[in-house]
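*Asks:* Following this message is one structure expressed as structure tokens.
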There are 2 protein chains.
Amino acid sequence: MNKIKLFCPATVANICCGFDVLGLCLSTIGDEMIIHKSSKKGIRITKITGADLPFETEKNVAGVAALALLKDLDIDFGFDIEIHKKIKAGSGIGSSAASAAGAVFGINELLGQPYSRKELVEFAMKGEALASGSEHADNVAPALLGGFTLVRGYNPLDVIRIESPAELYVTVVHPQIELKTSEMRAVLKPEITLKSAITQWGNLGGLIAGLYTEDYELIKRSLHDEIVEPLRSPFIPNFDLVKNSALKNNALGCGISGSGPSIFTLNKGIKIANNIAVIMKDIYSKTNIPFEIHISKIDSQGIRIIN
Amino acid sequence: MNKIKLFCPATVANICCGFDVLGLCLSTIGDEMIIHKSSKKGIRITKITGADLPFETEKNVAGVAALALLKDLDIDFGFDIEIHKKIKAGSGIGSSAASAAGAVFGINELLGQPYSRKELVEFAMKGEALASGSEHADNVAPALLGGFTLVRGYNPLDVIRIESPAELYVTVVHPQIELKTSEMRAVLKPEITLKSAITQWGNLGGLIAGLYTEDYELIKRSLHDEIVEPLRSPFIPNFDLVKNSALKNNALGCGISGSGPSIFTLNKGIKIANNIAVIMKDIYSKTNIPFEIHISKIDSQGIRIIN
């Protein structure tokens, strides 16, 4: 195999009580990447469509992730990477993670899978770091592994994959405003109350238990975040309106995807997910903010080979 | 049935990363209680052995819990309670919780089970509040339900029971020093760093995942507490020595039981649990502190009827 074409899914990180540790994989929105084996050593970004991204390997998220993967391998050939972006940059649904994860996944396949999907997470994180300024796994892990992923810790990296309950659907609205990740980080407080932390880890425990037992009511009761959401949501127009309307209309929970501006809901069943999409559309249609809406089952596979 | 005899198990609360939300049930140490139906209305504590506790119903943990249960019921008879304490007060393994849980469980049985075990937790919490100053469920829940229990939240009370992996054993040492609960609470800081909170909820998520998947290595990697343990452990003589020795000898994890002074380890298999007990014995034998050691499987049933 000298060429591979990939679907590199968007992802939702944080998931209310799972700030900085939880992520999930979408199946209906993702980039396409085509990777060719080349007799020329090194990594080249040969084509980019759908976004204005740098072609220099060291400045491109996919390039940096690919270089990290190749660093430990002694090979006398290289790879050319085409990136066809469908996930908008700055949307908060893992655009850079998709590129980073796609590059390492595709090259690993062309090399005959020297690494497992889980082992690829660390290489993809190097690409993520270029985009976000810090190595984190909460988007690259679900992109590579599918389902839900829990990043237990980083020293060493410890990622746990959790199968999604079968009827869980995600609805995401991306109001296309610019939120700087650095600003969204600056708004966080370095200290929180022990009381709120206990509430948060009680909910996270409940959410994990709900995922394993497919207990949708428990998942619903657990989807809260009283630490980060109150600080970030004021930057997202109509967040409260979307959230309140979604919960009134039977969404299990609603929160900020990543550091925003996308807003996601978890829903039991496609019917509710579709209805929430209608509600989101109604709300943003009344503004002058362009927006996109995605409805998706939680993808159990992660990045996949297409064609 | 006019009389019931009960085994009311000791419990371990907090469990490292599960501060204030997790608990587990022991099977080899617990109080005995005998409850008699009486034609006389109300609750009377008629006998106490093994501890110097008040006989006045309103000042006795079991009495207060029993009164809370009866409050909503219209019955023209009452109950006499005998308490035979085996769990030492102030040990940190749920002595008051055992009494509170036993009283409500026994009376509920004699009444023909108007409440489920889960519903009894809230009544037992009223008894706990007398002993600890605040209503909390992290000992009464595992005493009533067995296994591991996660208190997701209190508004309303939401307790999730989690089955213990089959090979999990607990070793507990109770160095018999006096630690005031109020002092152990005062030592906590009302604010913690967001970073340490994220570490903690990553570990809690890992622990819950490890329990559901019976992944002992994941349980081991998750059993850490960098928030509460560093503040409280200096009050427990030889804590660090016990912990380091236990981890070196293959305990999965080690921490403070409740607010101390008992120290527990979780272990895979009875052999390691027994070996850790020997190590604990060696350490405290060299001090002038009296101590007790308990080795136990995690009890999957909770309070049980005996004889």
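How things are named: the first chain in the structure tokens is A, the next is B, and so on; residues count from 1 in each chain; ligands count from 1 in the order shown.
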Taking only C-alpha atoms into account, which residues of chain B are within 7 Å of chain A, as a PDB file with all heavy atoms, in the first residue's frame?
*Replies:*
ATOM      1  N   ASP B  20     -14.841  12.335  49.631  1.00  0.00           N
ATOM      2  CA  ASP B  20     -16.223  12.786  49.882  1.00  0.00           C
ATOM      3  C   ASP B  20     -17.266  12.145  48.965  1.00  0.00           C
ATOM      4  O   ASP B  20     -18.447  12.495  49.074  1.00  0.00           O
ATOM      5  CB  ASP B  20     -16.336  14.317  49.750  1.00  0.00           C
ATOM      6  CG  ASP B  20     -16.612  14.966  51.104  1.00  0.00           C
ATOM      7  OD1 ASP B  20     -16.379  14.307  52.128  1.00  0.00           O
ATOM      8  OD2 ASP B  20     -17.049  16.124  51.129  1.00  0.00           O
ATOM      9  N   VAL B  21     -16.867  11.267  48.058  1.00  0.00           N
ATOM     10  CA  VAL B  21     -17.859  10.672  47.158  1.00  0.00           C
ATOM     11  C   VAL B  21     -17.825   9.123  47.120  1.00  0.00           C
ATOM     12  O   VAL B  21     -18.836   8.508  46.820  1.00  0.00           O
ATOM     13  CB  VAL B  21     -17.738  11.215  45.703  1.00  0.00           C
ATOM     14  CG1 VAL B  21     -17.916  12.732  45.668  1.00  0.00           C
ATOM     15  CG2 VAL B  21     -16.423  10.823  45.042  1.00  0.00           C
ATOM     16  N   VAL B 151     -21.296   8.582  45.735  1.00  0.00           N
ATOM     17  CA  VAL B 151     -22.330   9.592  45.987  1.00  0.00           C
ATOM     18  C   VAL B 151     -22.137  10.673  44.930  1.00  0.00           C
ATOM     19  O   VAL B 151     -21.268  11.531  45.043  1.00  0.00           O
ATOM     20  CB  VAL B 151     -22.204  10.186  47.403  1.00  0.00           C
ATOM     21  CG1 VAL B 151     -23.328  11.197  47.651  1.00  0.00           C
ATOM     22  CG2 VAL B 151     -22.245   9.088  48.449  1.00  0.00           C
ATOM     23  N   ARG B 152     -22.961  10.600  43.867  1.00  0.00           N
ATOM     24  CA  ARG B 152     -22.802  11.579  42.784  1.00  0.00           C
ATOM     25  C   ARG B 152     -23.104  12.976  43.267  1.00  0.00           C
ATOM     26  O   ARG B 152     -22.429  13.942  42.901  1.00  0.00           O
ATOM     27  CB  ARG B 152     -23.708  11.231  41.599  1.00  0.00           C
ATOM     28  CG  ARG B 152     -23.410  12.107  40.377  1.00  0.00           C
ATOM     29  CD  ARG B 152     -24.549  12.154  39.392  1.00  0.00           C
ATOM     30  NE  ARG B 152     -25.798  12.591  39.948  1.00  0.00           N
ATOM     31  CZ  ARG B 152     -26.127  13.865  40.218  1.00  0.00           C
ATOM     32  NH1 ARG B 152     -25.273  14.832  39.996  1.00  0.00           N
ATOM     33  NH2 ARG B 152     -27.305  14.150  40.728  1.00  0.00           N
ATOM     34  N   GLY B 153     -24.153  13.101  44.066  1.00  0.00           N
ATOM     35  CA  GLY B 153     -24.513  14.415  44.580  1.00  0.00           C
ATOM     36  C   GLY B 153     -25.593  14.291  45.634  1.00  0.00           C
ATOM     37  O   GLY B 153     -26.123  13.197  45.887  1.00  0.00           O
ATOM     38  N   PRO B 190     -10.041  25.488  51.892  1.00  0.00           N
ATOM     39  CA  PRO B 190     -11.308  25.698  51.171  1.00  0.00           C
ATOM     40  C   PRO B 190     -11.114  25.866  49.669  1.00  0.00           C
ATOM     41  O   PRO B 190     -12.035  25.656  48.897  1.00  0.00           O
ATOM     42  CB  PRO B 190     -11.878  26.971  51.800  1.00  0.00           C
ATOM     43  CG  PRO B 190     -10.730  27.625  52.494  1.00  0.00           C
ATOM     44  CD  PRO B 190      -9.754  26.561  52.854  1.00  0.00           C
ATOM     45  N   GLU B 191      -9.889  26.252  49.255  1.00  0.00           N
ATOM     46  CA  GLU B 191      -9.609  26.377  47.824  1.00  0.00           C
ATOM     47  C   GLU B 191      -8.465  25.440  47.435  1.00  0.00           C
ATOM     48  O   GLU B 191      -7.535  25.227  48.212  1.00  0.00           O
ATOM     49  CB  GLU B 191      -9.213  27.817  47.476  1.00  0.00           C
ATOM     50  CG  GLU B 191     -10.287  28.835  47.840  1.00  0.00           C
ATOM     51  CD  GLU B 191     -10.565  29.809  46.714  1.00  0.00           C
ATOM     52  OE1 GLU B 191      -9.593  30.324  46.148  1.00  0.00           O
ATOM     53  OE2 GLU B 191     -11.746  30.027  46.393  1.00  0.00           O
ATOM     54  N   ILE B 192      -8.564  24.907  46.233  1.00  0.00           N
ATOM     55  CA  ILE B 192      -7.507  24.055  45.708  1.00  0.00           C
ATOM     56  C   ILE B 192      -7.180  24.537  44.295  1.00  0.00           C
ATOM     57  O   ILE B 192      -7.954  25.283  43.704  1.00  0.00           O
ATOM     58  CB  ILE B 192      -7.924  22.568  45.687  1.00  0.00           C
ATOM     59  CG1 ILE B 192      -9.135  22.358  44.761  1.00  0.00           C
ATOM     60  CG2 ILE B 192      -8.256  22.083  47.091  1.00  0.00           C
ATOM     61  CD1 ILE B 192      -9.520  20.899  44.581  1.00  0.00           C
ATOM     62  N   THR B 193      -6.046  24.122  43.772  1.00  0.00           N
ATOM     63  CA  THR B 193      -5.732  24.556  42.404  1.00  0.00           C
ATOM     64  C   THR B 193      -6.587  23.770  41.403  1.00  0.00           C
ATOM     65  O   THR B 193      -6.905  22.598  41.628  1.00  0.00           O
ATOM     66  CB  THR B 193      -4.243  24.345  42.051  1.00  0.00           C
ATOM     67  OG1 THR B 193      -3.969  22.951  42.046  1.00  0.00           O
ATOM     68  CG2 THR B 193      -3.335  25.042  43.055  1.00  0.00           C
ATOM     69  N   LEU B 194      -6.937  24.441  40.314  1.00  0.00           N
ATOM     70  CA  LEU B 194      -7.683  23.774  39.243  1.00  0.00           C
ATOM     71  C   LEU B 194      -6.875  22.589  38.717  1.00  0.00           C
ATOM     72  O   LEU B 194      -7.421  21.524  38.422  1.00  0.00           O
ATOM     73  CB  LEU B 194      -7.974  24.784  38.114  1.00  0.00           C
ATOM     74  CG  LEU B 194      -8.673  24.236  36.872  1.00  0.00           C
ATOM     75  CD1 LEU B 194     -10.023  23.619  37.215  1.00  0.00           C
ATOM     76  CD2 LEU B 194      -8.852  25.346  35.825  1.00  0.00           C
ATOM     77  N   ALA B 197      -7.216  19.666  40.936  1.00  0.00           N
ATOM     78  CA  ALA B 197      -8.585  19.142  40.819  1.00  0.00           C
ATOM     79  C   ALA B 197      -8.729  18.289  39.563  1.00  0.00           C
ATOM     80  O   ALA B 197      -9.350  17.221  39.590  1.00  0.00           O
ATOM     81  CB  ALA B 197      -9.590  20.285  40.805  1.00  0.00           C
ATOM     82  N   ILE B 198      -8.134  18.747  38.460  1.00  0.00           N
ATOM     83  CA  ILE B 198      -8.199  17.982  37.208  1.00  0.00           C
ATOM     84  C   ILE B 198      -7.487  16.635  37.370  1.00  0.00           C
ATOM     85  O   ILE B 198      -7.979  15.595  36.936  1.00  0.00           O
ATOM     86  CB  ILE B 198      -7.585  18.799  36.039  1.00  0.00           C
ATOM     87  CG1 ILE B 198      -8.462  20.017  35.732  1.00  0.00           C
ATOM     88  CG2 ILE B 198      -7.405  17.927  34.789  1.00  0.00           C
ATOM     89  CD1 ILE B 198      -7.803  21.059  34.843  1.00  0.00           C
ATOM     90  N   THR B 199      -6.317  16.676  38.018  1.00  0.00           N
ATOM     91  CA  THR B 199      -5.608  15.422  38.306  1.00  0.00           C
ATOM     92  C   THR B 199      -6.506  14.473  39.096  1.00  0.00           C
ATOM     93  O   THR B 199      -6.602  13.280  38.794  1.00  0.00           O
ATOM     94  CB  THR B 199      -4.328  15.711  39.115  1.00  0.00           C
ATOM     95  OG1 THR B 199      -3.502  16.585  38.347  1.00  0.00           O
ATOM     96  CG2 THR B 199      -3.571  14.433  39.432  1.00  0.00           C
ATOM     97  N   TRP B 201      -9.899  14.445  39.376  1.00  0.00           N
ATOM     98  CA  TRP B 201     -11.058  13.869  38.696  1.00  0.00           C
ATOM     99  C   TRP B 201     -10.646  12.969  37.531  1.00  0.00           C
ATOM    100  O   TRP B 201     -11.408  12.062  37.182  1.00  0.00           O
ATOM    101  CB  TRP B 201     -12.153  14.878  38.389  1.00  0.00           C
ATOM    102  CG  TRP B 201     -11.951  16.007  37.422  1.00  0.00           C
ATOM    103  CD1 TRP B 201     -11.628  15.925  36.102  1.00  0.00           C
ATOM    104  CD2 TRP B 201     -12.157  17.410  37.701  1.00  0.00           C
ATOM    105  NE1 TRP B 201     -11.602  17.187  35.551  1.00  0.00           N
ATOM    106  CE2 TRP B 201     -11.930  18.115  36.502  1.00  0.00           C
ATOM    107  CE3 TRP B 201     -12.519  18.135  38.829  1.00  0.00           C
ATOM    108  CZ2 TRP B 201     -12.037  19.507  36.408  1.00  0.00           C
ATOM    109  CZ3 TRP B 201     -12.634  19.521  38.732  1.00  0.00           C
ATOM    110  CH2 TRP B 201     -12.388  20.196  37.546  1.00  0.00           C
ATOM    111  N   GLY B 202      -9.445  13.164  36.981  1.00  0.00           N
ATOM    112  CA  GLY B 202      -8.928  12.185  36.018  1.00  0.00           C
ATOM    113  C   GLY B 202      -8.735  10.839  36.707  1.00  0.00           C
ATOM    114  O   GLY B 202      -9.131   9.791  36.190  1.00  0.00           O
ATOM    115  N   ASN B 203      -8.160  10.873  37.907  1.00  0.00           N
ATOM    116  CA  ASN B 203      -7.950   9.636  38.654  1.00  0.00           C
ATOM    117  C   ASN B 203      -9.273   9.006  39.085  1.00  0.00           C
ATOM    118  O   ASN B 203      -9.426   7.781  39.029  1.00  0.00           O
ATOM    119  CB  ASN B 203      -7.065   9.899  39.879  1.00  0.00           C
ATOM    120  CG  ASN B 203      -5.590   9.979  39.510  1.00  0.00           C
ATOM    121  OD1 ASN B 203      -5.127   9.236  38.649  1.00  0.00           O
ATOM    122  ND2 ASN B 203      -4.856  10.875  40.140  1.00  0.00           N
ATOM    123  N   LEU B 204     -10.209   9.829  39.536  1.00  0.00           N
ATOM    124  CA  LEU B 204     -11.500   9.269  39.937  1.00  0.00           C
ATOM    125  C   LEU B 204     -12.174   8.580  38.750  1.00  0.00           C
ATOM    126  O   LEU B 204     -12.704   7.474  38.866  1.00  0.00           O
ATOM    127  CB  LEU B 204     -12.439  10.331  40.510  1.00  0.00           C
ATOM    128  CG  LEU B 204     -13.777   9.716  40.938  1.00  0.00           C
ATOM    129  CD1 LEU B 204     -13.634   8.914  42.204  1.00  0.00           C
ATOM    130  CD2 LEU B 204     -14.871  10.747  41.059  1.00  0.00           C
ATOM    131  N   GLY B 205     -12.122   9.231  37.596  1.00  0.00           N
ATOM    132  CA  GLY B 205     -12.685   8.612  36.392  1.00  0.00           C
ATOM    133  C   GLY B 205     -11.995   7.291  36.093  1.00  0.00           C
ATOM    134  O   GLY B 205     -12.634   6.294  35.757  1.00  0.00           O
ATOM    135  N   GLY B 206     -10.673   7.276  36.232  1.00  0.00           N
ATOM    136  CA  GLY B 206      -9.909   6.045  36.003  1.00  0.00           C
ATOM    137  C   GLY B 206     -10.297   4.954  36.982  1.00  0.00           C
ATOM    138  O   GLY B 206     -10.436   3.780  36.599  1.00  0.00           O
ATOM    139  N   ILE B 208     -13.184   4.584  38.626  1.00  0.00           N
ATOM    140  CA  ILE B 208     -14.533   4.079  38.320  1.00  0.00           C
ATOM    141  C   ILE B 208     -14.462   3.155  37.092  1.00  0.00           C
ATOM    142  O   ILE B 208     -15.047   2.069  37.077  1.00  0.00           O
ATOM    143  CB  ILE B 208     -15.507   5.255  38.034  1.00  0.00           C
ATOM    144  CG1 ILE B 208     -15.575   6.227  39.230  1.00  0.00           C
ATOM    145  CG2 ILE B 208     -16.905   4.725  37.664  1.00  0.00           C
ATOM    146  CD1 ILE B 208     -16.316   5.734  40.419  1.00  0.00           C
ATOM    147  N   ALA B 209     -13.715   3.586  36.079  1.00  0.00           N
ATOM    148  CA  ALA B 209     -13.551   2.748  34.885  1.00  0.00           C
ATOM    149  C   ALA B 209     -12.887   1.420  35.254  1.00  0.00           C
ATOM    150  O   ALA B 209     -13.293   0.350  34.786  1.00  0.00           O
ATOM    151  CB  ALA B 209     -12.728   3.483  33.826  1.00  0.00           C
TER     152      ALA B 209
END
*Asks:* Contacts of Ala68 of chain A at 12 Å or less, counting only C-alpha atoms, minus same-chain residues fewer than 2 places along, as a PDB file with N, CA, C and O atoms, in the first residue's frame?
*Replies:*
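Output below, filename out04.pdb:
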ATOM      1  N   GLY A  42      11.445  12.330   4.501  1.00  0.00           N
ATOM      2  CA  GLY A  42      10.814  13.479   5.143  1.00  0.00           C
ATOM      3  C   GLY A  42       9.319  13.583   4.875  1.00  0.00           C
ATOM      4  O   GLY A  42       8.709  12.711   4.256  1.00  0.00           O
ATOM      5  N   ILE A  43       8.734  14.660   5.373  1.00  0.00           N
ATOM      6  CA  ILE A  43       7.292  14.890   5.285  1.00  0.00           C
ATOM      7  C   ILE A  43       7.051  16.173   4.493  1.00  0.00           C
ATOM      8  O   ILE A  43       7.661  17.216   4.773  1.00  0.00           O
ATOM      9  N   THR A  57       6.222  22.134   6.678  1.00  0.00           N
ATOM     10  CA  THR A  57       5.976  20.964   7.533  1.00  0.00           C
ATOM     11  C   THR A  57       6.030  21.317   9.013  1.00  0.00           C
ATOM     12  O   THR A  57       5.159  20.926   9.795  1.00  0.00           O
ATOM     13  N   GLU A  58       7.040  22.089   9.401  1.00  0.00           N
ATOM     14  CA  GLU A  58       7.238  22.383  10.829  1.00  0.00           C
ATOM     15  C   GLU A  58       6.205  23.360  11.371  1.00  0.00           C
ATOM     16  O   GLU A  58       6.121  23.566  12.574  1.00  0.00           O
ATOM     17  N   VAL A  61       0.248  21.470  11.668  1.00  0.00           N
ATOM     18  CA  VAL A  61      -0.087  20.517  12.726  1.00  0.00           C
ATOM     19  C   VAL A  61       0.134  19.063  12.272  1.00  0.00           C
ATOM     20  O   VAL A  61       0.732  18.250  12.999  1.00  0.00           O
ATOM     21  N   ALA A  62      -0.350  18.756  11.069  1.00  0.00           N
ATOM     22  CA  ALA A  62      -0.179  17.393  10.540  1.00  0.00           C
ATOM     23  C   ALA A  62       1.300  17.094  10.318  1.00  0.00           C
ATOM     24  O   ALA A  62       1.776  15.987  10.615  1.00  0.00           O
ATOM     25  N   GLY A  63       2.020  18.096   9.831  1.00  0.00           N
ATOM     26  CA  GLY A  63       3.448  17.923   9.580  1.00  0.00           C
ATOM     27  C   GLY A  63       4.217  17.645  10.857  1.00  0.00           C
ATOM     28  O   GLY A  63       5.043  16.722  10.916  1.00  0.00           O
ATOM     29  N   VAL A  64       3.933  18.415  11.873  1.00  0.00           N
ATOM     30  CA  VAL A  64       4.645  18.255  13.153  1.00  0.00           C
ATOM     31  C   VAL A  64       4.348  16.902  13.784  1.00  0.00           C
ATOM     32  O   VAL A  64       5.244  16.227  14.298  1.00  0.00           O
ATOM     33  N   ALA A  65       3.066  16.494  13.721  1.00  0.00           N
ATOM     34  CA  ALA A  65       2.703  15.181  14.277  1.00  0.00           C
ATOM     35  C   ALA A  65       3.417  14.068  13.510  1.00  0.00           C
ATOM     36  O   ALA A  65       3.950  13.122  14.110  1.00  0.00           O
ATOM     37  N   ALA A  66       3.441  14.200  12.179  1.00  0.00           N
ATOM     38  CA  ALA A  66       4.102  13.185  11.349  1.00  0.00           C
ATOM     39  C   ALA A  66       5.596  13.108  11.658  1.00  0.00           C
ATOM     40  O   ALA A  66       6.167  12.011  11.767  1.00  0.00           O
ATOM     41  N   LEU A  70       7.887   9.882  12.944  1.00  0.00           N
ATOM     42  CA  LEU A  70       9.046   9.358  12.196  1.00  0.00           C
ATOM     43  C   LEU A  70      10.354   9.434  12.976  1.00  0.00           C
ATOM     44  O   LEU A  70      11.301   8.722  12.669  1.00  0.00           O
ATOM     45  N   LYS A  71      10.360  10.303  13.979  1.00  0.00           N
ATOM     46  CA  LYS A  71      11.592  10.574  14.727  1.00  0.00           C
ATOM     47  C   LYS A  71      12.272   9.305  15.258  1.00  0.00           C
ATOM     48  O   LYS A  71      13.496   9.193  15.213  1.00  0.00           O
ATOM     49  N   ASP A  72      11.460   8.375  15.736  1.00  0.00           N
ATOM     50  CA  ASP A  72      12.023   7.156  16.327  1.00  0.00           C
ATOM     51  C   ASP A  72      12.248   6.045  15.307  1.00  0.00           C
ATOM     52  O   ASP A  72      12.711   4.965  15.646  1.00  0.00           O
ATOM     53  N   LEU A  73      11.877   6.294  14.048  1.00  0.00           N
ATOM     54  CA  LEU A  73      11.960   5.221  13.045  1.00  0.00           C
ATOM     55  C   LEU A  73      13.079   5.510  12.052  1.00  0.00           C
ATOM     56  O   LEU A  73      13.297   6.654  11.655  1.00  0.00           O
ATOM     57  N   ALA A 100      -3.757  16.301  13.082  1.00  0.00           N
ATOM     58  CA  ALA A 100      -2.626  15.659  13.766  1.00  0.00           C
ATOM     59  C   ALA A 100      -2.833  14.153  13.843  1.00  0.00           C
ATOM     60  O   ALA A 100      -1.924  13.360  13.559  1.00  0.00           O
ATOM     61  N   ALA A 101      -4.043  13.773  14.225  1.00  0.00           N
ATOM     62  CA  ALA A 101      -4.344  12.349  14.378  1.00  0.00           C
ATOM     63  C   ALA A 101      -4.313  11.655  13.017  1.00  0.00           C
ATOM     64  O   ALA A 101      -3.805  10.527  12.888  1.00  0.00           O
ATOM     65  N   ALA A 103      -2.605  12.419  10.315  1.00  0.00           N
ATOM     66  CA  ALA A 103      -1.247  12.255   9.793  1.00  0.00           C
ATOM     67  C   ALA A 103      -0.565  11.031  10.403  1.00  0.00           C
ATOM     68  O   ALA A 103       0.001  10.199   9.686  1.00  0.00           O
ATOM     69  N   VAL A 104      -0.642  10.911  11.724  1.00  0.00           N
ATOM     70  CA  VAL A 104       0.065   9.787  12.361  1.00  0.00           C
ATOM     71  C   VAL A 104      -0.626   8.457  12.078  1.00  0.00           C
ATOM     72  O   VAL A 104       0.031   7.427  11.890  1.00  0.00           O
ATOM     73  N   ILE A 107       0.210   7.447   8.265  1.00  0.00           N
ATOM     74  CA  ILE A 107       1.602   7.015   8.092  1.00  0.00           C
ATOM     75  C   ILE A 107       1.828   5.669   8.779  1.00  0.00           C
ATOM     76  O   ILE A 107       2.485   4.771   8.237  1.00  0.00           O
ATOM     77  N   ASN A 108       1.249   5.506   9.946  1.00  0.00           N
ATOM     78  CA  ASN A 108       1.364   4.227  10.668  1.00  0.00           C
ATOM     79  C   ASN A 108       0.792   3.075   9.855  1.00  0.00           C
ATOM     80  O   ASN A 108       1.355   1.979   9.830  1.00  0.00           O
ATOM     81  N   LEU A 120      -0.345   5.931  19.194  1.00  0.00           N
ATOM     82  CA  LEU A 120      -0.268   7.077  18.275  1.00  0.00           C
ATOM     83  C   LEU A 120      -0.676   8.389  18.945  1.00  0.00           C
ATOM     84  O   LEU A 120      -0.337   9.469  18.458  1.00  0.00           O
ATOM     85  N   VAL A 121      -1.422   8.271  20.043  1.00  0.00           N
ATOM     86  CA  VAL A 121      -1.945   9.488  20.697  1.00  0.00           C
ATOM     87  C   VAL A 121      -0.811  10.450  21.042  1.00  0.00           C
ATOM     88  O   VAL A 121      -0.902  11.662  20.805  1.00  0.00           O
ATOM     89  N   GLU A 122       0.276   9.903  21.573  1.00  0.00           N
ATOM     90  CA  GLU A 122       1.370  10.782  22.000  1.00  0.00           C
ATOM     91  C   GLU A 122       2.026  11.542  20.846  1.00  0.00           C
ATOM     92  O   GLU A 122       2.407  12.700  21.004  1.00  0.00           O
ATOM     93  N   PHE A 123       2.119  10.891  19.681  1.00  0.00           N
ATOM     94  CA  PHE A 123       2.681  11.593  18.522  1.00  0.00           C
ATOM     95  C   PHE A 123       1.718  12.696  18.058  1.00  0.00           C
ATOM     96  O   PHE A 123       2.145  13.810  17.740  1.00  0.00           O
ATOM     97  N   ALA A 124       0.437  12.367  18.040  1.00  0.00           N
ATOM     98  CA  ALA A 124      -0.552  13.351  17.598  1.00  0.00           C
ATOM     99  C   ALA A 124      -0.576  14.567  18.527  1.00  0.00           C
ATOM    100  O   ALA A 124      -0.794  15.701  18.094  1.00  0.00           O
ATOM    101  N   MET A 125      -0.325  14.320  19.808  1.00  0.00           N
ATOM    102  CA  MET A 125      -0.291  15.420  20.785  1.00  0.00           C
ATOM    103  C   MET A 125       0.763  16.467  20.430  1.00  0.00           C
ATOM    104  O   MET A 125       0.604  17.644  20.712  1.00  0.00           O
ATOM    105  N   LYS A 126       1.854  15.998  19.813  1.00  0.00           N
ATOM    106  CA  LYS A 126       2.921  16.941  19.414  1.00  0.00           C
ATOM    107  C   LYS A 126       2.396  17.912  18.365  1.00  0.00           C
ATOM    108  O   LYS A 126       2.762  19.090  18.341  1.00  0.00           O
ATOM    109  N   GLY A 127       1.546  17.412  17.484  1.00  0.00           N
ATOM    110  CA  GLY A 127       0.923  18.287  16.495  1.00  0.00           C
ATOM    111  C   GLY A 127      -0.055  19.244  17.146  1.00  0.00           C
ATOM    112  O   GLY A 127      -0.050  20.452  16.876  1.00  0.00           O
ATOM    113  N   GLU A 128      -0.876  18.712  18.039  1.00  0.00           N
ATOM    114  CA  GLU A 128      -1.835  19.531  18.786  1.00  0.00           C
ATOM    115  C   GLU A 128      -1.136  20.694  19.490  1.00  0.00           C
ATOM    116  O   GLU A 128      -1.654  21.813  19.552  1.00  0.00           O
ATOM    117  N   ALA A 129       0.041  20.405  20.024  1.00  0.00           N
ATOM    118  CA  ALA A 129       0.766  21.424  20.789  1.00  0.00           C
ATOM    119  C   ALA A 129       1.080  22.641  19.919  1.00  0.00           C
ATOM    120  O   ALA A 129       1.075  23.778  20.390  1.00  0.00           O
ATOM    121  N   LEU A 130       1.330  22.391  18.630  1.00  0.00           N
ATOM    122  CA  LEU A 130       1.617  23.501  17.725  1.00  0.00           C
ATOM    123  C   LEU A 130       0.417  24.439  17.624  1.00  0.00           C
ATOM    124  O   LEU A 130       0.557  25.664  17.591  1.00  0.00           O
TER     125      LEU A 130
END
*Asks:* Can you list, as a PyMOL selection string, every protein, DNA or RNA residue that comes within 7 Å of Ala273 of chain A when you count only C-alpha atoms, leaving out same-chain residues fewer than 6 positions away?
*Replies:* chain A and resi 169-171+267+295
*Asks:* Please provide the set of residues having any atom within 8 Å of Arg117 of chain B, restricted to only C-alpha atoms, with same-chain residues fewer than 6 positions apart removed, written as a list in words.
*Replies:*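 Residues near the query, excluding close chain neighbours: Phe105, Leu144 and Leu145 of chain B.
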*Asks:* Could those residues be written to a file, using all heavy atoms, as a tab-separated table (two decimals), in the first residue's frame?
*Replies:*
chain	number	residue	atom	x	y	z
B	105	PHE	N	-32.02	-0.18	58.85
B	105	PHE	CA	-32.19	-1.43	58.10
B	105	PHE	C	-33.05	-2.41	58.89
B	105	PHE	O	-33.99	-3.01	58.36
B	105	PHE	CB	-30.82	-2.06	57.79
B	105	PHE	CG	-30.92	-3.36	57.05
B	105	PHE	CD1	-31.02	-3.38	55.68
B	105	PHE	CD2	-30.94	-4.57	57.73
B	105	PHE	CE1	-31.14	-4.58	54.98
B	105	PHE	CE2	-31.05	-5.78	57.06
B	105	PHE	CZ	-31.14	-5.78	55.68
B	144	LEU	N	-25.04	0.10	53.80
B	144	LEU	CA	-26.38	-0.37	53.44
B	144	LEU	C	-26.39	-1.14	52.12
B	144	LEU	O	-27.18	-2.08	51.96
B	144	LEU	CB	-27.36	0.81	53.33
B	144	LEU	CG	-27.91	1.32	54.67
B	144	LEU	CD1	-28.48	2.72	54.52
B	144	LEU	CD2	-28.98	0.35	55.20
B	145	LEU	N	-25.55	-0.73	51.17
B	145	LEU	CA	-25.65	-1.30	49.82
B	145	LEU	C	-24.57	-2.32	49.49
B	145	LEU	O	-24.69	-3.08	48.53
B	145	LEU	CB	-25.60	-0.17	48.78
B	145	LEU	CG	-26.65	0.93	48.93
B	145	LEU	CD1	-26.41	2.04	47.92
B	145	LEU	CD2	-28.05	0.37	48.77
*Asks:* For the atom pair atom CA of Gly302 of chain A and atom CA of Gly147 of chain A, what is the interatomic distance in Å to one decimal place?
*Replies:* 7.3 Å
*Asks:* Nearest to Ser300 of chain A: which of A:Ser164, A:Thr49, A:Ser99, A:Asn275 is it, counting only C-alpha atoms?
*Replies:*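 Counting only C-alpha atoms, the residue closest to Ser300 of chain A is A:Ser164.
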